[in-house]
$ cat upload-v3.txt   # compact mmCIF, C-alpha atoms
# COMPACT_ATOMS: atom_id res chain seq x y z
CA MET A 1 23.89 18.85 -84.77
CA PRO A 2 21.56 18.78 -81.75
CA GLY A 3 18.99 16.09 -81.18
CA ALA A 4 15.27 16.64 -80.73
CA SER A 5 15.70 17.18 -76.99
CA ASP A 6 18.91 19.20 -77.07
CA GLY A 7 17.57 21.82 -79.50
CA ARG A 8 13.84 21.51 -78.93
CA VAL A 9 11.41 24.40 -79.30
CA PRO A 10 8.71 24.37 -76.59
CA VAL A 11 5.20 23.93 -77.95
CA TYR A 12 3.83 26.52 -75.53
CA ARG A 13 5.44 29.68 -74.24
CA PRO A 14 7.46 28.80 -71.12
CA ASP A 15 5.80 30.19 -68.00
CA VAL A 16 8.94 31.83 -66.70
CA TYR A 17 10.04 35.33 -65.84
CA VAL A 18 13.72 35.97 -66.38
CA SER A 19 14.53 38.85 -64.06
CA PRO A 20 17.90 40.63 -64.15
CA ASP A 21 17.68 40.85 -60.32
CA ILE A 22 18.44 37.12 -60.16
CA VAL A 23 21.90 37.64 -61.65
CA LYS A 24 24.19 39.11 -59.00
CA ILE A 25 27.95 39.49 -58.73
CA GLY A 26 29.38 36.91 -56.36
CA ALA A 27 26.19 34.87 -56.14
CA PRO A 28 26.08 31.22 -57.28
CA VAL A 29 25.30 30.57 -60.92
CA LEU A 30 21.73 29.32 -61.26
CA ALA A 31 21.51 26.73 -64.03
CA GLN A 32 17.72 26.86 -63.98
CA THR A 33 17.77 30.59 -64.72
CA ALA A 34 20.02 30.06 -67.75
CA LEU A 35 17.90 27.14 -68.96
CA ASP A 36 14.67 29.14 -68.56
CA HIS A 37 16.20 31.95 -70.57
CA ALA A 38 17.34 29.59 -73.33
CA LEU A 39 13.95 27.82 -73.51
CA LEU A 40 12.13 31.13 -73.75
CA ALA A 41 14.49 32.31 -76.48
CA HIS A 42 14.02 29.02 -78.34
CA TRP A 43 10.26 29.47 -78.21
CA ILE A 44 10.56 33.03 -79.55
CA SER A 45 13.00 32.08 -82.32
CA GLY A 46 10.99 29.03 -83.34
CA ARG A 47 7.71 30.88 -83.95
CA GLY A 48 6.54 31.24 -87.54
CA GLN A 49 6.04 34.74 -88.92
CA CYS A 50 3.20 36.13 -91.00
CA VAL A 51 4.78 36.60 -94.43
CA ILE A 52 1.72 37.73 -96.40
CA PRO A 53 -1.30 38.83 -94.36
CA GLN A 54 -4.61 37.38 -95.53
CA HIS A 55 -6.10 39.88 -97.96
CA ARG A 56 -8.92 40.13 -100.46
CA VAL A 57 -7.99 39.26 -104.05
CA ALA A 58 -11.47 38.94 -105.65
CA MET A 59 -10.16 37.81 -109.04
CA ILE A 60 -11.94 35.42 -111.42
CA VAL A 61 -9.67 33.00 -113.28
CA SER A 62 -11.31 31.29 -116.25
CA GLY A 63 -9.45 28.72 -118.33
CA THR A 64 -6.07 30.32 -117.70
CA THR A 65 -3.38 30.79 -115.04
CA GLU A 66 -3.10 33.80 -112.76
CA THR A 67 0.27 34.50 -111.14
CA LEU A 68 0.04 36.30 -107.80
CA ARG A 69 3.19 38.23 -106.84
CA TYR A 70 4.46 39.50 -103.49
CA TYR A 71 7.73 41.05 -102.31
CA VAL A 72 8.84 40.11 -98.78
CA PRO A 73 11.85 39.10 -96.70
CA GLY A 74 12.12 35.87 -94.73
CA SER A 75 12.67 35.31 -91.03
CA GLY A 76 15.90 33.42 -91.67
CA ARG A 77 14.63 30.33 -89.83
CA ALA A 78 11.60 29.05 -91.74
CA MET A 79 11.76 25.72 -93.59
CA TYR A 80 8.06 25.46 -94.45
CA ARG A 81 5.33 27.92 -95.38
CA ALA A 82 1.57 27.41 -95.24
CA TRP A 83 -0.57 29.18 -97.87
CA ALA A 84 -4.25 29.70 -97.10
CA PHE A 85 -6.70 30.19 -99.98
CA ASP A 86 -10.40 31.06 -100.02
CA LEU A 87 -11.76 29.87 -103.40
CA ARG A 88 -15.30 29.84 -104.85
CA THR A 89 -17.07 28.85 -108.01
CA ALA A 90 -17.56 31.82 -110.32
CA ALA A 91 -20.67 30.62 -112.18
CA THR A 92 -21.44 32.94 -115.09
CA ASN A 93 -23.60 30.89 -117.43
CA GLY A 94 -26.36 29.49 -115.27
CA GLU A 95 -26.41 26.73 -112.70
CA GLY A 96 -27.03 23.06 -113.31
CA PRO A 97 -26.65 19.82 -111.36
CA SER A 98 -22.88 20.22 -111.44
CA TYR A 99 -21.45 23.70 -111.45
CA GLY A 100 -18.20 23.57 -109.54
CA ALA A 101 -14.79 25.00 -110.35
CA GLU A 102 -11.59 23.00 -110.58
CA GLY A 103 -7.94 23.59 -111.26
CA THR A 104 -4.55 23.59 -109.57
CA ILE A 105 -2.48 25.72 -107.20
CA THR A 106 1.30 25.81 -107.66
CA VAL A 107 3.55 27.03 -104.85
CA GLY A 108 7.31 26.53 -104.68
CA GLY A 109 7.31 23.72 -107.22
CA VAL A 110 4.40 21.92 -105.52
CA THR A 111 1.16 21.60 -107.52
CA VAL A 112 -2.07 20.51 -105.83
CA PRO A 113 -5.56 20.17 -107.36
CA PHE A 114 -8.71 21.85 -106.03
CA TYR A 115 -12.43 21.52 -106.64
CA THR A 116 -15.20 23.82 -105.42
CA GLU A 117 -18.80 22.63 -105.50
CA HIS A 118 -20.85 25.81 -105.33
CA LYS A 119 -20.32 29.55 -105.59
CA SER A 120 -21.98 30.07 -102.18
CA LEU A 121 -19.77 27.44 -100.49
CA PRO A 122 -16.16 28.60 -100.16
CA LEU A 123 -13.28 26.15 -100.34
CA MET A 124 -10.67 26.86 -97.69
CA ALA A 125 -7.52 25.35 -99.20
CA LEU A 126 -4.24 25.01 -97.29
CA VAL A 127 -1.09 24.36 -99.34
CA LEU A 128 2.20 23.45 -97.66
CA GLU A 129 5.34 24.82 -99.32
CA SER A 130 8.26 22.63 -98.30
CA GLY A 131 11.97 23.01 -98.89
CA VAL A 132 12.05 26.73 -98.06
CA THR A 133 15.65 27.92 -97.80
CA PRO A 134 16.03 29.90 -94.56
CA SER A 135 16.95 33.46 -95.52
CA THR A 136 16.42 37.04 -94.39
CA SER A 137 16.86 38.41 -97.91
CA GLU A 138 14.06 40.32 -99.60
CA GLY A 139 12.64 39.01 -102.84
CA GLN A 140 9.60 38.13 -104.89
CA VAL A 141 7.46 35.10 -104.08
CA THR A 142 4.83 33.90 -106.52
CA ILE A 143 1.94 31.46 -106.65
CA GLN A 144 -0.07 30.28 -109.64
CA VAL A 145 -3.78 29.49 -109.68
CA THR A 146 -4.89 27.62 -112.81
CA SER A 147 -8.53 27.24 -113.78
CA ASP A 148 -9.66 24.26 -115.88
CA THR A 149 -12.99 25.12 -117.50
CA THR A 150 -13.18 22.04 -119.74
CA ARG A 151 -15.97 20.54 -117.64
CA GLN A 152 -16.53 23.14 -114.93
CA TYR A 153 -16.84 26.85 -114.28
CA ALA A 154 -14.26 29.53 -113.56
CA VAL A 155 -12.82 29.97 -110.08
CA ARG A 156 -12.93 33.12 -107.96
CA ILE A 157 -9.92 33.75 -105.71
CA GLU A 158 -11.45 35.45 -102.70
CA SER A 159 -8.36 35.78 -100.50
CA VAL A 160 -4.78 34.58 -99.96
CA GLY A 161 -2.39 34.61 -97.01
CA CYS A 162 0.94 32.98 -96.09
CA TRP A 163 2.60 32.06 -92.80
CA GLU A 164 5.86 30.44 -91.86
CA LEU A 165 5.37 27.26 -89.83
CA PRO A 166 6.94 26.98 -86.36
CA ARG A 167 10.15 25.03 -85.94
CA ALA A 168 10.25 21.92 -83.74
CA VAL A 169 14.04 22.01 -83.31
CA LEU A 170 16.63 24.76 -83.71
CA ASP A 171 20.08 23.90 -85.00
CA ARG A 172 23.22 25.40 -83.48
CA THR A 173 23.79 27.84 -86.30
CA VAL A 174 23.91 31.61 -86.53
CA ALA A 175 20.67 31.60 -88.52
CA ASP A 176 18.74 29.33 -86.15
CA CYS A 177 20.14 30.81 -82.91
CA GLY A 178 20.04 27.35 -81.35
CA VAL A 179 21.63 26.51 -77.99
CA SER A 180 22.60 23.12 -76.61
CA LEU A 181 19.91 22.94 -73.92
CA ASP A 182 21.45 19.81 -72.39
CA SER A 183 24.56 21.81 -71.51
CA LEU A 184 22.51 24.05 -69.18
CA PHE A 185 21.21 21.44 -66.76
CA PRO A 186 22.37 21.68 -63.11
CA ARG A 187 25.87 20.46 -62.29
CA ARG A 188 26.99 20.57 -65.90
CA PRO A 189 30.36 22.34 -66.29
CA ILE A 190 30.37 25.96 -67.45
CA ILE A 191 32.19 25.94 -70.79
CA ASP A 192 33.18 28.90 -72.93
CA ASP A 193 32.56 27.41 -76.36
CA ASP A 194 30.37 29.26 -78.85
CA ALA A 195 31.89 27.61 -81.91
CA THR A 196 29.33 26.11 -84.28
CA PRO A 197 28.01 23.48 -83.75
CA SER A 198 29.22 23.36 -80.11
CA VAL A 199 27.09 26.30 -78.99
CA VAL A 200 26.92 25.39 -75.31
CA SER A 201 26.73 26.66 -71.75
CA LEU A 202 26.20 30.21 -70.47
CA GLY A 203 28.07 31.92 -73.28
CA ALA A 204 25.65 30.39 -75.77
CA VAL A 205 22.68 31.95 -73.96
CA TYR A 206 24.24 35.39 -74.20
CA ASN A 207 25.16 34.96 -77.85
CA GLN A 208 21.72 33.60 -78.66
CA SER A 209 20.18 36.82 -77.33
CA HIS A 210 22.60 38.83 -79.44
CA ARG A 211 21.72 36.90 -82.58
CA MET A 212 17.98 37.28 -81.96
CA THR A 213 18.26 41.06 -81.71
CA VAL A 214 21.26 42.01 -83.87
CA ALA A 215 22.79 39.34 -86.12
CA ALA A 216 19.55 37.60 -87.18
CA PRO A 217 16.83 39.76 -85.61
CA LEU A 218 13.26 38.67 -85.16
CA ARG A 219 10.72 40.75 -87.03
CA ARG A 220 7.08 41.06 -87.92
CA ILE A 221 7.42 40.51 -91.62
CA GLY A 222 4.15 41.15 -93.37
CA HIS A 223 2.00 44.12 -92.39
CA ILE A 224 0.20 44.88 -95.66
CA ALA A 225 -0.25 42.94 -98.90
CA ARG A 226 -2.43 43.19 -101.97
CA TRP A 227 -2.71 41.50 -105.34
CA GLY A 228 -5.67 41.90 -107.66
CA TYR A 229 -7.03 43.41 -110.83
CA GLU A 230 -5.14 46.24 -112.47
CA MET A 231 -5.85 49.72 -111.13
CA THR A 232 -5.13 52.79 -113.27
CA THR A 233 -5.16 56.56 -112.91
CA THR A 234 -4.58 59.50 -115.22
CA SER A 235 -4.38 61.97 -112.34
CA THR A 236 -1.17 63.98 -112.09
CA THR A 237 -1.69 64.41 -108.35
CA GLY A 238 -1.56 61.65 -105.77
CA VAL A 239 -4.46 59.20 -105.67
CA ALA A 240 -4.84 56.92 -102.64
CA LEU A 241 -5.14 53.23 -103.49
CA THR A 242 -7.51 52.47 -100.62
CA THR A 243 -10.59 54.28 -99.34
CA ALA A 244 -9.06 54.48 -95.85
CA PRO A 245 -5.47 54.20 -94.62
CA TYR A 246 -4.13 50.99 -93.10
CA ARG A 247 -3.55 50.79 -89.34
CA LEU A 248 -0.10 49.48 -88.37
CA LEU A 249 1.58 48.37 -85.14
CA PRO A 250 5.22 47.39 -85.80
CA ARG A 251 7.40 45.87 -83.11
CA LYS A 252 9.43 47.72 -80.50
CA THR A 253 13.13 47.00 -80.99
CA THR A 254 14.70 48.68 -77.92
CA PRO A 255 13.34 49.87 -74.56
CA THR A 256 13.47 53.48 -75.76
CA SER A 257 12.09 52.94 -79.28
CA THR A 258 8.99 54.94 -80.16
CA THR A 259 8.99 54.21 -83.90
CA LYS A 260 9.91 51.37 -86.23
CA THR A 261 10.80 51.67 -89.92
CA VAL A 262 8.67 49.70 -92.37
CA ARG A 263 9.32 49.32 -96.08
CA ALA A 264 6.83 49.66 -98.95
CA ARG A 265 7.08 48.37 -102.53
CA VAL A 266 4.51 48.37 -105.32
CA TYR A 267 4.16 46.26 -108.46
CA ALA A 268 3.32 48.92 -111.02
CA GLU A 269 4.38 50.84 -114.10
CA ASN A 270 4.56 54.37 -115.52
CA GLY A 271 4.26 56.97 -112.80
CA ASP A 272 5.31 57.75 -109.26
CA PHE A 273 4.29 56.49 -105.85
CA ARG A 274 4.67 57.60 -102.27
CA VAL A 275 3.50 56.57 -98.80
CA VAL A 276 1.65 58.86 -96.40
CA ALA A 277 2.00 58.03 -92.71
CA GLY A 278 -0.31 59.39 -90.05
CA VAL A 279 2.53 60.70 -87.87
CA ALA A 280 5.54 60.97 -90.21
CA GLY A 281 3.53 62.49 -93.06
CA ALA A 282 4.16 62.08 -96.79
CA SER A 283 7.38 60.64 -98.20
CA ALA A 284 9.10 61.88 -101.34
CA TRP A 285 7.78 60.57 -104.67
CA THR A 286 9.57 57.52 -106.10
CA ALA A 287 9.49 56.74 -109.82
CA LEU A 288 7.72 53.57 -110.96
CA PRO A 289 9.30 51.19 -113.50
CA ALA A 290 8.59 51.83 -117.20
CA THR A 291 6.93 48.40 -117.46
CA TYR A 292 5.39 46.20 -114.80
CA ALA A 293 7.94 45.34 -112.10
CA TRP A 294 8.55 45.87 -108.41
CA SER A 295 9.45 49.43 -107.52
CA ASN A 296 12.36 50.67 -105.48
CA PRO A 297 11.47 50.71 -101.77
CA ILE A 298 10.24 53.57 -99.63
CA ASP A 299 11.07 53.41 -95.91
CA VAL A 300 8.93 55.24 -93.38
CA ALA A 301 8.94 55.47 -89.57
CA ILE A 302 5.71 54.25 -87.94
CA ASP A 303 4.79 54.50 -84.25
CA CYS A 304 5.67 51.13 -82.71
CA GLU A 305 3.99 49.14 -79.97
CA SER A 306 4.00 50.53 -76.44
CA THR A 307 4.90 48.71 -73.23
CA SER A 308 2.89 51.20 -71.16
CA THR A 309 -0.53 50.13 -72.47
CA VAL A 310 -2.36 46.83 -71.94
CA ASN A 311 -2.86 46.06 -75.64
CA GLY A 312 0.43 47.54 -76.88
CA VAL A 313 -1.28 50.32 -78.87
CA PRO A 314 0.41 53.73 -78.36
CA SER A 315 -1.54 56.17 -76.21
CA GLY A 316 -2.29 58.25 -79.31
CA GLY A 317 -3.81 55.27 -81.12
CA TYR A 318 -2.67 53.26 -84.11
CA ASP A 319 -0.38 54.97 -86.60
CA THR A 320 -1.61 54.75 -90.19
CA LEU A 321 -0.22 54.39 -93.68
CA SER A 322 -1.64 54.84 -97.16
CA ILE A 323 -0.09 54.44 -100.62
CA GLU A 324 -0.61 56.95 -103.42
CA ILE A 325 0.27 56.89 -107.13
CA LYS A 326 0.14 59.48 -109.90
CA LYS A 327 0.73 59.75 -113.65
CA PRO A 328 3.74 61.70 -114.93
CA LEU A 329 2.87 65.09 -116.43
CA ALA A 330 4.68 64.32 -119.68
CA SER A 331 3.12 60.89 -120.20
CA VAL A 332 -0.06 60.22 -122.17
CA ASN A 333 -0.39 56.76 -120.61
CA PRO A 334 -1.97 56.15 -117.20
CA ALA A 335 -0.12 54.92 -114.13
CA LYS A 336 -0.92 51.24 -113.50
CA ILE A 337 -0.65 49.05 -110.42
CA ARG A 338 -1.43 45.42 -109.53
CA GLY A 339 -0.14 44.96 -106.01
CA TRP A 340 1.81 46.26 -103.04
CA CYS A 341 3.54 45.00 -99.88
CA VAL A 342 4.59 46.69 -96.64
CA TYR A 343 6.91 44.79 -94.29
CA GLU A 344 9.68 45.02 -91.70
CA ASN A 345 13.07 44.43 -93.28
CA ASP A 346 15.37 44.56 -90.25
$ encode --input "upload-v3.txt" --output "C-alpha cells"
Amino acid sequence: MPGASDGRVPVYRPDVYVSPDIVKIGAPVLAQTALDHALLAHWISGRGQCVIPQHRVAMIVSGTTETLRYYVPGSGRAMYRAWAFDLRTAATNGEGPSYGAEGTITVGGVTVPFYTEHKSLPLMALVLESGVTPSTSEGQVTIQVTSDTTRQYAVRIESVGCWELPRAVLDRTVADCGVSLDSLFPRRPIIDDDATPSVVSLGAVYNQSHRMTVAAPLRRIGHIARWGYEMTTTSTTGVALTTAPYRLLPRKTTPTSTTKTVRARVYAENGDFRVVAGVAGASAWTALPATYAWSNPIDVAIDCESTSTVNGVPSGGYDTLSIEIKKPLASVNPAKIRGWCVYEND
C-alpha cells in the first residue's frame, strides 16, 4: 500500500492546467505533465461529498428517541462522515434558573451527549462517524436523537446535515483510484503495470481517469433531503410537499451532456407519489408502500451545469423539481409521508 507521500491528496487544488496540446506524437514524455494530472485527479477523488444537505427538521423530542432516516448512496471512497446538528431547548413549562435540554446523539454506533442552555441559544453540534465502509451502494442511513427530560426540558432539532470528510491518502485500489505518485517523477522508468497495488507510471494515470468517470464515478450525492413531522393528505389528486419547487444543478458528465438523471425516494405509506421537473415535466405515479418504508425510486432528467456560463447555471436558469403525493381512490386512509431524498446515483 502507498505511503503518505506516494498516495497523498493535496490539501488545496493544484494550480495546474492539463492541456491536451502538451501531449504530441513523437514528442518527449513530460513527467511533470503526468504528475500534475495525477495530483489533480487525487485532489478531485479525495474530496468529501455532501451526503445529506443541511435541512430544517423542526421537531421537538421530549423524553424519547427520534430516529431520522435518509436514503442515499456513498461516494465509494469515504471513511468518515461529519454530521452537523442545530439543537435548541424547547422550553414548554416556563423558564427558571436552569432550563436547558440534554440527551444523546447516536450515529453509526457512536453515542455522544449534548446539552443546550437556552432556547434562544442554538447548540451547533458536530458528530464524527468513523469506520464508514467505502461503498457506492444506495441504502438507508439513520441517526437517533434522545431527549432526557429527567432534570431538563425537551430538545428541538432545528436542522441536520451530513458530509463525507476528505481523504488524506488514496490507496491503490479500484475504489480509491489511487496512483503511485512517486513513480511519476522525472527520470523514473515508464512501466506498464496497473495491477493492484502496483498502480504505477503513465498507465496508472490513464486508468485513474477511467475509474473516476466510469468504474467508480464521482458524483454530487445529496441534492435534496427532508425528515420531520408526519404530513398527510386525503386528496386524490397530486399535492406538492413544498410551497415552491427545489432548484437543482446536477453535474455535467460528458462535454455534450445537457441533462443529468437524479433519483427520488420518499419515506411514506398508502398512496402514490411522483416528481415534477421544470423542464422534463411530470413523471408517472409510483405506488407507496402499504406501511411506512422507503418507496421505489423515480428517476428524472434535470438540466445539468453549463460550461458556457460563469456560474455554471444553464442559460435558461436553474431547473426545478417538486414532489407530489396523493391518496388512492379506493382507500379511506390518508397518504402519509415523513421524509424524502433526491440524489445522484451514478
$ atom_distance --input "upload-v3.txt" --atom1 "atom CA of Gly76 of chain A" --atom2 "atom CA of Gln208 of chain A"
14.3 Å
$ atom_distance --input "upload-v3.txt" --atom1 "atom CA of Trp340 of chain A" --atom2 "atom CA of Val132 of chain A"
22.6 Å
$ closest_residue --input "upload-v3.txt" --among "A:Val174, A:Pro28, A:Asn333, A:Ser306" --to "Val214 of chain A" --atoms "only C-alpha atoms"
A:Val174
$ atom_distance --input "upload-v3.txt" --atom1 "atom CA of Ala204 of chain A" --atom2 "atom CA of Asp192 of chain A"
8.2 Å
$ axis_aligned_box --input "upload-v3.txt" --around "segment 239-247 of chain A" --padding-each-side "5 Å" --output "lines of an AutoDock Vina configuration file"
center_x = -7.1
center_y = 55.0
center_z = -97.5
size_x = 17.0
size_y = 18.4
size_z = 26.3
$ residues_around --input "upload-v3.txt" --residues "Pro134 of chain A" --least-positions-apart "6" --cutoff "8 Å" --atoms "only C-alpha atoms" --output "PyMOL selection string"
chain A and resi 74-79+175
$ residues_around --input "upload-v3.txt" --residues "Thr320 of chain A" --least-positions-apart "4" --cutoff "7 Å" --atoms "all atoms listed in the file" --output "MDAnalysis selection string"
chainID A and resid 245:248 277:278
$ residues_near_point --input "upload-v3.txt" --point "(26.1, 29.9, -75.5)" --cutoff "9 Å" --atoms "all atoms listed in the file" --output "count of residues only"
19
$ residues_around --input "upload-v3.txt" --residues "Leu87 of chain A" --least-positions-apart "2" --cutoff "12 Å" --atoms "only C-alpha atoms" --output "mmCIF file with C-alpha atoms, in the coordinates of the input"
data_model
loop_
_atom_site.group_PDB
_atom_site.id
_atom_site.type_symbol
_atom_site.label_atom_id
_atom_site.label_comp_id
_atom_site.auth_asym_id
_atom_site.auth_seq_id
_atom_site.Cartn_x
_atom_site.Cartn_y
_atom_site.Cartn_z
ATOM 1 C CA ARG A 56 -8.920 40.130 -100.460
ATOM 2 C CA VAL A 57 -7.990 39.260 -104.050
ATOM 3 C CA ALA A 58 -11.470 38.940 -105.650
ATOM 4 C CA MET A 59 -10.160 37.810 -109.040
ATOM 5 C CA ILE A 60 -11.940 35.420 -111.420
ATOM 6 C CA VAL A 61 -9.670 33.000 -113.280
ATOM 7 C CA ALA A 84 -4.250 29.700 -97.100
ATOM 8 C CA PHE A 85 -6.700 30.190 -99.980
ATOM 9 C CA THR A 89 -17.070 28.850 -108.010
ATOM 10 C CA ALA A 90 -17.560 31.820 -110.320
ATOM 11 C CA GLY A 100 -18.200 23.570 -109.540
ATOM 12 C CA ALA A 101 -14.790 25.000 -110.350
ATOM 13 C CA GLU A 102 -11.590 23.000 -110.580
ATOM 14 C CA GLY A 103 -7.940 23.590 -111.260
ATOM 15 C CA THR A 104 -4.550 23.590 -109.570
ATOM 16 C CA ILE A 105 -2.480 25.720 -107.200
ATOM 17 C CA PHE A 114 -8.710 21.850 -106.030
ATOM 18 C CA TYR A 115 -12.430 21.520 -106.640
ATOM 19 C CA THR A 116 -15.200 23.820 -105.420
ATOM 20 C CA GLU A 117 -18.800 22.630 -105.500
ATOM 21 C CA HIS A 118 -20.850 25.810 -105.330
ATOM 22 C CA LYS A 119 -20.320 29.550 -105.590
ATOM 23 C CA SER A 120 -21.980 30.070 -102.180
ATOM 24 C CA LEU A 121 -19.770 27.440 -100.490
ATOM 25 C CA PRO A 122 -16.160 28.600 -100.160
ATOM 26 C CA LEU A 123 -13.280 26.150 -100.340
ATOM 27 C CA MET A 124 -10.670 26.860 -97.690
ATOM 28 C CA ALA A 125 -7.520 25.350 -99.200
ATOM 29 C CA LEU A 126 -4.240 25.010 -97.290
ATOM 30 C CA VAL A 145 -3.780 29.490 -109.680
ATOM 31 C CA THR A 146 -4.890 27.620 -112.810
ATOM 32 C CA SER A 147 -8.530 27.240 -113.780
ATOM 33 C CA ALA A 154 -14.260 29.530 -113.560
ATOM 34 C CA VAL A 155 -12.820 29.970 -110.080
ATOM 35 C CA ARG A 156 -12.930 33.120 -107.960
ATOM 36 C CA ILE A 157 -9.920 33.750 -105.710
ATOM 37 C CA GLU A 158 -11.450 35.450 -102.700
ATOM 38 C CA SER A 159 -8.360 35.780 -100.500
ATOM 39 C CA VAL A 160 -4.780 34.580 -99.960
#
$ residues_around --input "upload-v3.txt" --residues "Val275 of chain A" --least-positions-apart "6" --cutoff "8 Å" --atoms "all atoms listed in the file" --output "PyMOL selection string"
chain A and resi 264+282-283+298+300+321-324
$ residues_near_point --input "upload-v3.txt" --point "(5.5, 38.5, -108.0)" --cutoff "12 Å" --atoms "all atoms listed in the file" --output "ChimeraX atom specification"
/A:66-72,139-144,225-228,265-268,292-295,338-341
$ write_last_selection --input "upload-v3.txt" --atoms "C-alpha atoms" --output "PDB file, keeping the file's coordinate frame"
ATOM      1  CA  GLU A  66      -3.100  33.800-112.760  1.00  0.00           C
ATOM      2  CA  THR A  67       0.270  34.500-111.140  1.00  0.00           C
ATOM      3  CA  LEU A  68       0.040  36.300-107.800  1.00  0.00           C
ATOM      4  CA  ARG A  69       3.190  38.230-106.840  1.00  0.00           C
ATOM      5  CA  TYR A  70       4.460  39.500-103.490  1.00  0.00           C
ATOM      6  CA  TYR A  71       7.730  41.050-102.310  1.00  0.00           C
ATOM      7  CA  VAL A  72       8.840  40.110 -98.780  1.00  0.00           C
ATOM      8  CA  GLY A 139      12.640  39.010-102.840  1.00  0.00           C
ATOM      9  CA  GLN A 140       9.600  38.130-104.890  1.00  0.00           C
ATOM     10  CA  VAL A 141       7.460  35.100-104.080  1.00  0.00           C
ATOM     11  CA  THR A 142       4.830  33.900-106.520  1.00  0.00           C
ATOM     12  CA  ILE A 143       1.940  31.460-106.650  1.00  0.00           C
ATOM     13  CA  GLN A 144      -0.070  30.280-109.640  1.00  0.00           C
ATOM     14  CA  ALA A 225      -0.250  42.940 -98.900  1.00  0.00           C
ATOM     15  CA  ARG A 226      -2.430  43.190-101.970  1.00  0.00           C
ATOM     16  CA  TRP A 227      -2.710  41.500-105.340  1.00  0.00           C
ATOM     17  CA  GLY A 228      -5.670  41.900-107.660  1.00  0.00           C
ATOM     18  CA  ARG A 265       7.080  48.370-102.530  1.00  0.00           C
ATOM     19  CA  VAL A 266       4.510  48.370-105.320  1.00  0.00           C
ATOM     20  CA  TYR A 267       4.160  46.260-108.460  1.00  0.00           C
ATOM     21  CA  ALA A 268       3.320  48.920-111.020  1.00  0.00           C
ATOM     22  CA  TYR A 292       5.390  46.200-114.800  1.00  0.00           C
ATOM     23  CA  ALA A 293       7.940  45.340-112.100  1.00  0.00           C
ATOM     24  CA  TRP A 294       8.550  45.870-108.410  1.00  0.00           C
ATOM     25  CA  SER A 295       9.450  49.430-107.520  1.00  0.00           C
ATOM     26  CA  ARG A 338      -1.430  45.420-109.530  1.00  0.00           C
ATOM     27  CA  GLY A 339      -0.140  44.960-106.010  1.00  0.00           C
ATOM     28  CA  TRP A 340       1.810  46.260-103.040  1.00  0.00           C
ATOM     29  CA  CYS A 341       3.540  45.000 -99.880  1.00  0.00           C
TER      30      CYS A 341
END
$ closest_residue --input "upload-v3.txt" --among "A:Ala290, A:Ala244, A:Val342, A:Val112" --to "Arg263 of chain A" --atoms "all atoms listed in the file"
A:Val342
$ closest_residue --input "upload-v3.txt" --among "A:Arg167, A:Arg81, A:Arg172, A:Arg211" --to "Gly131 of chain A" --atoms "all atoms listed in the file"
A:Arg81
$ decode --input "upload-v3.txt" --residues "segment 245-261 of chain A" --atoms "C-alpha atoms" --output "mmCIF file, in the first residue's frame"
data_model
loop_
_atom_site.group_PDB
_atom_site.id
_atom_site.type_symbol
_atom_site.label_atom_id
_atom_site.label_comp_id
_atom_site.auth_asym_id
_atom_site.auth_seq_id
_atom_site.Cartn_x
_atom_site.Cartn_y
_atom_site.Cartn_z
ATOM 1 C CA PRO A 245 -40.146 23.661 -6.110
ATOM 2 C CA TYR A 246 -36.496 22.967 -5.340
ATOM 3 C CA ARG A 247 -33.781 24.380 -7.620
ATOM 4 C CA LEU A 248 -31.212 21.805 -8.766
ATOM 5 C CA LEU A 249 -27.872 21.917 -10.583
ATOM 6 C CA PRO A 250 -26.521 18.374 -11.106
ATOM 7 C CA ARG A 251 -23.081 17.742 -12.544
ATOM 8 C CA LYS A 252 -22.138 17.555 -16.208
ATOM 9 C CA THR A 253 -20.840 14.081 -17.027
ATOM 10 C CA THR A 254 -19.631 14.493 -20.643
ATOM 11 C CA PRO A 255 -18.737 17.504 -22.813
ATOM 12 C CA THR A 256 -22.041 17.156 -24.681
ATOM 13 C CA SER A 257 -24.302 16.463 -21.683
ATOM 14 C CA THR A 258 -27.198 18.864 -21.213
ATOM 15 C CA THR A 259 -29.062 16.865 -18.561
ATOM 16 C CA LYS A 260 -28.248 14.581 -15.648
ATOM 17 C CA THR A 261 -30.538 11.962 -14.122
#
